$ cat upload-v1.json   # JSON, C-alpha atoms
[["chain", "number", "residue", "atom", "x", "y", "z"],
["A", 22, "MET", "CA", 28.32, -7.41, 17.95],
["A", 23, "SER", "CA", 30.26, -10.60, 18.63],
["A", 24, "GLN", "CA", 30.47, -12.05, 22.13],
["A", 25, "ASP", "CA", 34.20, -11.22, 22.26],
["A", 26, "ALA", "CA", 33.49, -7.62, 21.34],
["A", 27, "VAL", "CA", 30.76, -7.39, 24.01],
["A", 28, "GLN", "CA", 33.18, -8.76, 26.58],
["A", 29, "ALA", "CA", 35.89, -6.29, 25.53],
["A", 30, "VAL", "CA", 33.44, -3.42, 25.97],
["A", 31, "ALA", "CA", 32.32, -4.85, 29.32],
["A", 32, "ASP", "CA", 35.88, -4.71, 30.54],
["A", 33, "THR", "CA", 36.08, -1.00, 29.79],
["A", 34, "ASP", "CA", 32.55, 0.39, 30.29],
["A", 35, "PRO", "CA", 29.84, -1.60, 32.12],
["A", 36, "VAL", "CA", 27.06, 0.84, 31.09],
["A", 37, "VAL", "CA", 27.86, 0.43, 27.39],
["A", 38, "CYS", "CA", 28.11, -3.32, 27.89],
["A", 39, "GLU", "CA", 24.63, -3.51, 29.41],
["A", 40, "LEU", "CA", 23.19, -1.55, 26.47],
["A", 41, "GLU", "CA", 24.97, -3.74, 23.91],
["A", 42, "LEU", "CA", 23.87, -6.90, 25.71],
["A", 43, "ARG", "CA", 20.24, -5.71, 25.69],
["A", 44, "LYS", "CA", 20.47, -4.88, 21.97],
["A", 45, "SER", "CA", 21.98, -8.26, 21.15],
["A", 46, "GLN", "CA", 19.07, -10.06, 22.83],
["A", 47, "LYS", "CA", 16.24, -7.93, 21.48],
["A", 48, "VAL", "CA", 14.62, -8.16, 18.07],
["A", 49, "ASP", "CA", 14.54, -4.91, 16.11],
["A", 50, "SER", "CA", 10.72, -4.64, 15.95],
["A", 51, "ILE", "CA", 10.85, -1.22, 14.32],
["A", 52, "GLY", "CA", 13.11, -2.61, 11.58],
["A", 53, "VAL", "CA", 10.80, -5.61, 11.11],
["A", 54, "ILE", "CA", 7.77, -3.36, 10.69],
["A", 55, "GLN", "CA", 9.67, -1.10, 8.32],
["A", 56, "ARG", "CA", 10.49, -4.11, 6.11],
["A", 57, "LEU", "CA", 6.86, -5.30, 6.20],
["A", 58, "ARG", "CA", 5.37, -1.97, 5.07],
["A", 59, "ILE", "CA", 3.75, -2.15, 1.66],
["A", 60, "LYS", "CA", 5.78, -0.82, -1.22],
["A", 61, "PRO", "CA", 6.32, 1.88, -2.16],
["A", 62, "THR", "CA", 6.82, 2.63, 1.52],
["A", 63, "GLY", "CA", 5.81, 6.26, 1.03],
["A", 64, "LYS", "CA", 2.28, 5.09, 0.25],
["A", 65, "SER", "CA", 1.97, 2.72, 3.20],
["A", 66, "ARG", "CA", 0.54, 5.36, 5.52],
["A", 67, "LEU", "CA", -3.17, 5.77, 4.78],
["A", 68, "SER", "CA", -6.16, 7.38, 6.41],
["A", 69, "ILE", "CA", -8.69, 4.52, 6.43],
["A", 70, "PRO", "CA", -12.37, 4.77, 7.40],
["A", 71, "LEU", "CA", -13.05, 3.00, 10.68],
["A", 72, "CYS", "CA", -15.74, 0.89, 9.00],
["A", 73, "ARG", "CA", -13.09, -0.72, 6.77],
["A", 74, "LEU", "CA", -11.12, -2.03, 9.75],
["A", 75, "LYS", "CA", -11.66, -5.48, 11.21],
["A", 76, "ALA", "CA", -10.30, -6.53, 14.58],
["A", 77, "LEU", "CA", -7.63, -9.24, 14.51],
["A", 78, "PRO", "CA", -6.80, -9.76, 18.19],
["A", 79, "VAL", "CA", -4.03, -12.31, 17.62],
["A", 80, "VAL", "CA", -1.40, -10.02, 19.14],
["A", 81, "ARG", "CA", -3.36, -9.53, 22.36],
["A", 82, "PRO", "CA", -6.92, -10.60, 23.23],
["A", 83, "ILE", "CA", -9.35, -7.71, 23.54],
["A", 84, "SER", "CA", -9.95, -6.70, 27.16],
["A", 85, "GLU", "CA", -13.34, -5.16, 27.86],
["A", 86, "VAL", "CA", -11.86, -3.09, 30.71],
["A", 87, "GLU", "CA", -9.28, -1.60, 28.34],
["A", 88, "VAL", "CA", -11.95, -0.92, 25.69],
["A", 89, "GLN", "CA", -14.13, 0.90, 28.23],
["A", 90, "ARG", "CA", -11.16, 2.99, 29.38],
["A", 91, "LEU", "CA", -10.33, 3.97, 25.80],
["A", 92, "GLU", "CA", -13.97, 4.72, 25.04],
["A", 93, "CYS", "CA", -14.03, 7.18, 27.96],
["A", 94, "GLU", "CA", -10.90, 8.85, 26.55],
["A", 95, "PHE", "CA", -12.60, 9.11, 23.15],
["A", 96, "LEU", "CA", -15.52, 11.27, 24.33],
["A", 97, "MET", "CA", -14.15, 14.30, 22.48],
["A", 98, "GLY", "CA", -13.34, 12.34, 19.33],
["A", 99, "TYR", "CA", -10.35, 11.30, 17.27],
["A", 100, "ARG", "CA", -7.13, 13.25, 17.68],
["A", 101, "GLU", "CA", -5.38, 13.70, 14.37],
["A", 102, "GLY", "CA", -1.77, 12.65, 14.70],
["A", 103, "ASP", "CA", -2.60, 10.08, 17.38],
["A", 104, "ARG", "CA", -0.77, 6.74, 17.30],
["A", 105, "VAL", "CA", -1.24, 4.84, 14.08],
["A", 106, "LEU", "CA", -2.98, 1.51, 13.77],
["A", 107, "TYR", "CA", -0.95, -1.20, 12.04],
["A", 108, "VAL", "CA", -3.18, -2.90, 9.49],
["A", 109, "SER", "CA", -2.99, -5.36, 6.64],
["A", 110, "ALA", "CA", -5.27, -6.55, 3.88],
["A", 111, "PHE", "CA", -4.30, -10.04, 5.12],
["A", 112, "ASN", "CA", -5.00, -11.81, 8.37],
["A", 113, "ASP", "CA", -2.68, -14.27, 10.09],
["A", 114, "VAL", "CA", -3.65, -17.24, 7.85],
["A", 115, "PRO", "CA", -3.06, -15.19, 5.36],
["A", 116, "VAL", "CA", -6.39, -14.48, 3.67],
["A", 117, "ASP", "CA", -7.73, -11.15, 2.46],
["A", 118, "LEU", "CA", -11.34, -10.10, 2.98],
["A", 119, "PRO", "CA", -13.31, -8.44, 0.22],
["A", 120, "ILE", "CA", -16.13, -6.48, 1.85],
["A", 121, "PRO", "CA", -18.97, -8.99, 2.12],
["A", 122, "PRO", "CA", -22.50, -7.73, 1.43],
["A", 123, "SER", "CA", -23.45, -8.62, 5.03],
["A", 124, "ILE", "CA", -20.84, -6.23, 6.44],
["A", 125, "MET", "CA", -21.73, -3.50, 3.95],
["A", 126, "ALA", "CA", -25.43, -3.88, 4.86],
["A", 127, "SER", "CA", -24.59, -3.49, 8.57],
["A", 128, "TRP", "CA", -23.03, -0.06, 7.98],
["A", 129, "SER", "CA", -25.04, 3.13, 8.24],
["A", 130, "PRO", "CA", -25.39, 5.22, 5.08],
["A", 131, "LEU", "CA", -22.68, 7.53, 6.45],
["A", 132, "TRP", "CA", -20.21, 4.64, 6.82],
["A", 133, "GLN", "CA", -21.12, 3.44, 3.32],
["A", 134, "GLU", "CA", -20.40, 6.93, 2.00],
["A", 135, "ALA", "CA", -17.04, 7.07, 3.81],
["A", 136, "SER", "CA", -16.12, 3.67, 2.35],
["A", 137, "ALA", "CA", -17.09, 4.70, -1.19],
["A", 138, "GLU", "CA", -15.01, 7.91, -0.91],
["A", 139, "PHE", "CA", -12.04, 5.88, 0.30],
["A", 140, "ASP", "CA", -12.38, 3.46, -2.65],
["A", 141, "ALA", "CA", -12.51, 6.38, -5.07],
["A", 142, "LYS", "CA", -9.19, 7.66, -3.67],
["A", 143, "LEU", "CA", -7.64, 4.20, -3.88],
["A", 144, "MET", "CA", -8.70, 3.85, -7.52],
["A", 145, "GLU", "CA", -6.82, 7.05, -8.38],
["A", 146, "ASP", "CA", -3.51, 5.44, -7.42],
["A", 147, "PRO", "CA", -2.30, 2.37, -9.35],
["A", 148, "ASP", "CA", -0.15, 1.29, -6.38],
["A", 149, "LEU", "CA", -3.17, 1.26, -4.05],
["A", 150, "ALA", "CA", -6.06, 0.31, -6.34],
["A", 151, "HIS", "CA", -5.82, -3.38, -5.39],
["A", 152, "PHE", "CA", -7.10, -2.42, -1.90],
["A", 153, "THR", "CA", -10.40, -1.23, -3.36],
["A", 154, "GLY", "CA", -13.32, -3.11, -1.84],
["A", 155, "LYS", "CA", -11.17, -4.77, 0.84],
["A", 156, "MET", "CA", -11.32, -4.78, 4.60],
["A", 157, "PHE", "CA", -8.14, -4.19, 6.58],
["A", 158, "PHE", "CA", -7.24, -6.40, 9.53],
["A", 159, "VAL", "CA", -5.92, -4.52, 12.55],
["A", 160, "TRP", "CA", -2.71, -6.16, 13.73],
["A", 161, "GLU", "CA", -2.05, -3.57, 16.43],
["A", 162, "GLY", "CA", -4.66, -1.17, 17.76],
["A", 163, "ASN", "CA", -7.68, -3.43, 18.26],
["A", 164, "HIS", "CA", -8.64, -1.93, 21.62],
["A", 165, "ARG", "CA", -8.79, 1.55, 20.11],
["A", 166, "LEU", "CA", -10.73, 0.28, 17.08],
["A", 167, "THR", "CA", -13.27, -1.47, 19.29],
["A", 168, "ALA", "CA", -13.70, 1.51, 21.62],
["A", 169, "TRP", "CA", -13.98, 4.09, 18.84],
["A", 170, "TRP", "CA", -16.35, 1.98, 16.72],
["A", 171, "ARG", "CA", -18.65, 1.33, 19.68],
["A", 172, "HIS", "CA", -18.65, 4.96, 20.81],
["A", 173, "ILE", "CA", -19.38, 6.37, 17.36],
["A", 174, "ASN", "CA", -22.15, 3.90, 16.54],
["A", 175, "ASN", "CA", -23.79, 4.24, 19.97],
["A", 176, "ASN", "CA", -23.53, 8.02, 20.34],
["A", 177, "HIS", "CA", -22.95, 9.67, 16.96],
["A", 178, "ALA", "CA", -24.58, 7.40, 14.39],
["A", 179, "ASP", "CA", -26.16, 10.33, 12.52],
["A", 180, "ASP", "CA", -23.26, 12.79, 12.73],
["A", 181, "LYS", "CA", -21.12, 12.71, 9.58],
["A", 182, "SER", "CA", -18.19, 14.41, 11.33],
["A", 183, "TRP", "CA", -17.79, 11.34, 13.56],
["A", 184, "HIS", "CA", -17.59, 8.90, 10.64],
["A", 185, "ILE", "CA", -13.84, 9.18, 10.67],
["A", 186, "SER", "CA", -10.84, 7.85, 8.87],
["A", 187, "VAL", "CA", -7.87, 7.03, 11.07],
["A", 188, "ASP", "CA", -4.14, 7.08, 10.51],
["A", 189, "CYS", "CA", -2.85, 3.59, 9.62],
["A", 190, "ILE", "CA", 0.34, 1.99, 8.41],
["A", 191, "VAL", "CA", -0.33, -0.84, 5.99],
["A", 192, "VAL", "CA", 1.94, -3.86, 6.26],
["A", 193, "ASP", "CA", 2.12, -7.14, 4.36],
["A", 194, "PRO", "CA", 2.91, -9.91, 6.85],
["A", 195, "ARG", "CA", 2.44, -12.80, 4.42],
["A", 196, "GLY", "CA", 5.20, -15.33, 4.93],
["A", 197, "TYR", "CA", 6.31, -13.58, 8.11],
["A", 198, "THR", "CA", 3.38, -14.16, 10.46],
["A", 199, "GLY", "CA", 5.48, -15.19, 13.48],
["A", 200, "VAL", "CA", 7.92, -12.33, 13.09],
["A", 201, "SER", "CA", 4.99, -9.93, 12.52],
["A", 202, "LEU", "CA", 3.21, -11.08, 15.66],
["A", 203, "ASN", "CA", 6.39, -10.68, 17.73],
["A", 204, "ALA", "CA", 7.02, -7.19, 16.37],
["A", 205, "MET", "CA", 3.42, -6.10, 16.95],
["A", 206, "ASN", "CA", 3.45, -7.53, 20.47],
["A", 207, "ASP", "CA", 6.67, -5.65, 21.14],
["A", 208, "ILE", "CA", 5.23, -2.29, 20.08],
["A", 209, "ASN", "CA", 1.82, -2.85, 21.70],
["A", 210, "TRP", "CA", 1.33, -0.34, 24.52]]
$ encode --input "upload-v1.json" --output "structure tokens"
Amino acid sequence: MSQDAVQAVADTDPVVCELELRKSQKVDSIGVIQRLRIKPTGKSRLSIPLCRLKALPVVRPISEVEVQRLECEFLMGYREGDRVLYVSAFNDVPVDLPIPPSIMASWSPLWQEASAEFDAKLMEDPDLAHFTGKMFFVWEGNHRLTAWWRHINNNHADDKSWHISVDCIVVDPRGYTGVSLNAMNDINW
């Protein structure tokens, strides 16, 4: 909305004016994220094993107090339909990360099994097959990732039902790192 139009509205309805002024000064983070989702967009929402996620705390540094709070909330496990994590095969540089043998060796057999099952599903879909054998960087949701990973590995290492996949939206921020960081910071709760 142009400045003249905002002023014309202000003259008639101050409440509408305030809303329009706020909109004109705020970036549409939801629209930015929508544009960054991998294509086809319908395939950008995936259930990804926790072991395939790597923290990327560039949006907000990880706070141990927040991680401990979230770990306490996680005592009963993952709630399907909980908030998604926003992830990418690329970090902020942008570089992707094939799963290095050192990371794979650090996983329990149950995490290795979850990863292999995930790769098998990816291979079935030509639009997603290029993610096979890759880690996903968490652009938003690092506190939850850290809390959940710690809790599962410390308390449920031998329980297959706790070796979970979590709801994620996959984005491709390459070429839009600054805009991506702003959008993720805006949606970070």
$ residues_around --input "upload-v1.json" --residues "region 103-109 of chain A" --least-positions-apart "5" --cutoff "7 Å" --atoms "all atoms listed in the file" --output "number ranges by chain"
A: 157-162, 188-193
$ atom_distance --input "upload-v1.json" --atom1 "CA of Trp128 (chain A)" --atom2 "CA of Trp170 (chain A)"
11.2 Å
$ residues_around --input "upload-v1.json" --residues "Asp179 (chain A)" --least-positions-apart "2" --cutoff "12 Å" --atoms "all atoms listed in the file" --output "PDB file with C-alpha atoms, in the frame of the given file"
ATOM      1  CA  TRP A 128     -23.030  -0.060   7.980  1.00  0.00           C
ATOM      2  CA  SER A 129     -25.040   3.130   8.240  1.00  0.00           C
ATOM      3  CA  PRO A 130     -25.390   5.220   5.080  1.00  0.00           C
ATOM      4  CA  LEU A 131     -22.680   7.530   6.450  1.00  0.00           C
ATOM      5  CA  TRP A 132     -20.210   4.640   6.820  1.00  0.00           C
ATOM      6  CA  ILE A 173     -19.380   6.370  17.360  1.00  0.00           C
ATOM      7  CA  ASN A 174     -22.150   3.900  16.540  1.00  0.00           C
ATOM      8  CA  ASN A 175     -23.790   4.240  19.970  1.00  0.00           C
ATOM      9  CA  ASN A 176     -23.530   8.020  20.340  1.00  0.00           C
ATOM     10  CA  HIS A 177     -22.950   9.670  16.960  1.00  0.00           C
ATOM     11  CA  LYS A 181     -21.120  12.710   9.580  1.00  0.00           C
ATOM     12  CA  SER A 182     -18.190  14.410  11.330  1.00  0.00           C
ATOM     13  CA  TRP A 183     -17.790  11.340  13.560  1.00  0.00           C
ATOM     14  CA  HIS A 184     -17.590   8.900  10.640  1.00  0.00           C
TER      15      HIS A 184
END
$ atom_distance --input "upload-v1.json" --atom1 "CA of Lys64 (chain A)" --atom2 "CA of Ile208 (chain A)"
21.4 Å
$ atom_distance --input "upload-v1.json" --atom1 "CA of Val114 (chain A)" --atom2 "CA of Gly196 (chain A)"
9.5 Å
$ closest_residue --input "upload-v1.json" --among "A:His164, A:His172, A:Arg56, A:Lys155" --to "Arg73 (chain A)" --atoms "all atoms listed in the file"
A:Lys155
$ closest_residue --input "upload-v1.json" --among "A:Phe139, A:Phe152, A:Tyr197, A:Phe111" --to "Leu71 (chain A)" --atoms "all atoms listed in the file"
A:Phe139
$ closest_residue --input "upload-v1.json" --among "A:Met125, A:Ser201, A:Asn206, A:Glu134" --to "Ile54 (chain A)" --atoms "all atoms listed in the file"
A:Ser201
$ residues_around --input "upload-v1.json" --residues "Arg90 (chain A)" --least-positions-apart "6" --cutoff "12 Å" --atoms "only C-alpha atoms" --output "list of chain:residue names"
A:Ser84, A:Leu96, A:His164, A:Arg165, A:Thr167, A:Ala168, A:Trp169, A:His172
$ closest_residue --input "upload-v1.json" --among "A:Gln89, A:Asn112, A:Asn163, A:Thr153" --to "Arg195 (chain A)" --atoms "all atoms listed in the file"
A:Asn112
$ closest_residue --input "upload-v1.json" --among "A:Arg81, A:Ala135, A:Ile185, A:Asn203" --to "Arg100 (chain A)" --atoms "all atoms listed in the file"
A:Ile185
$ residues_near_point --input "upload-v1.json" --point "(-13.4, -2.3, -0.9)" --cutoff "12 Å" --atoms "only C-alpha atoms" --output "PyMOL selection string"
chain A and resi 69-70+72-74+110+117-122+124-125+133-144+149-157
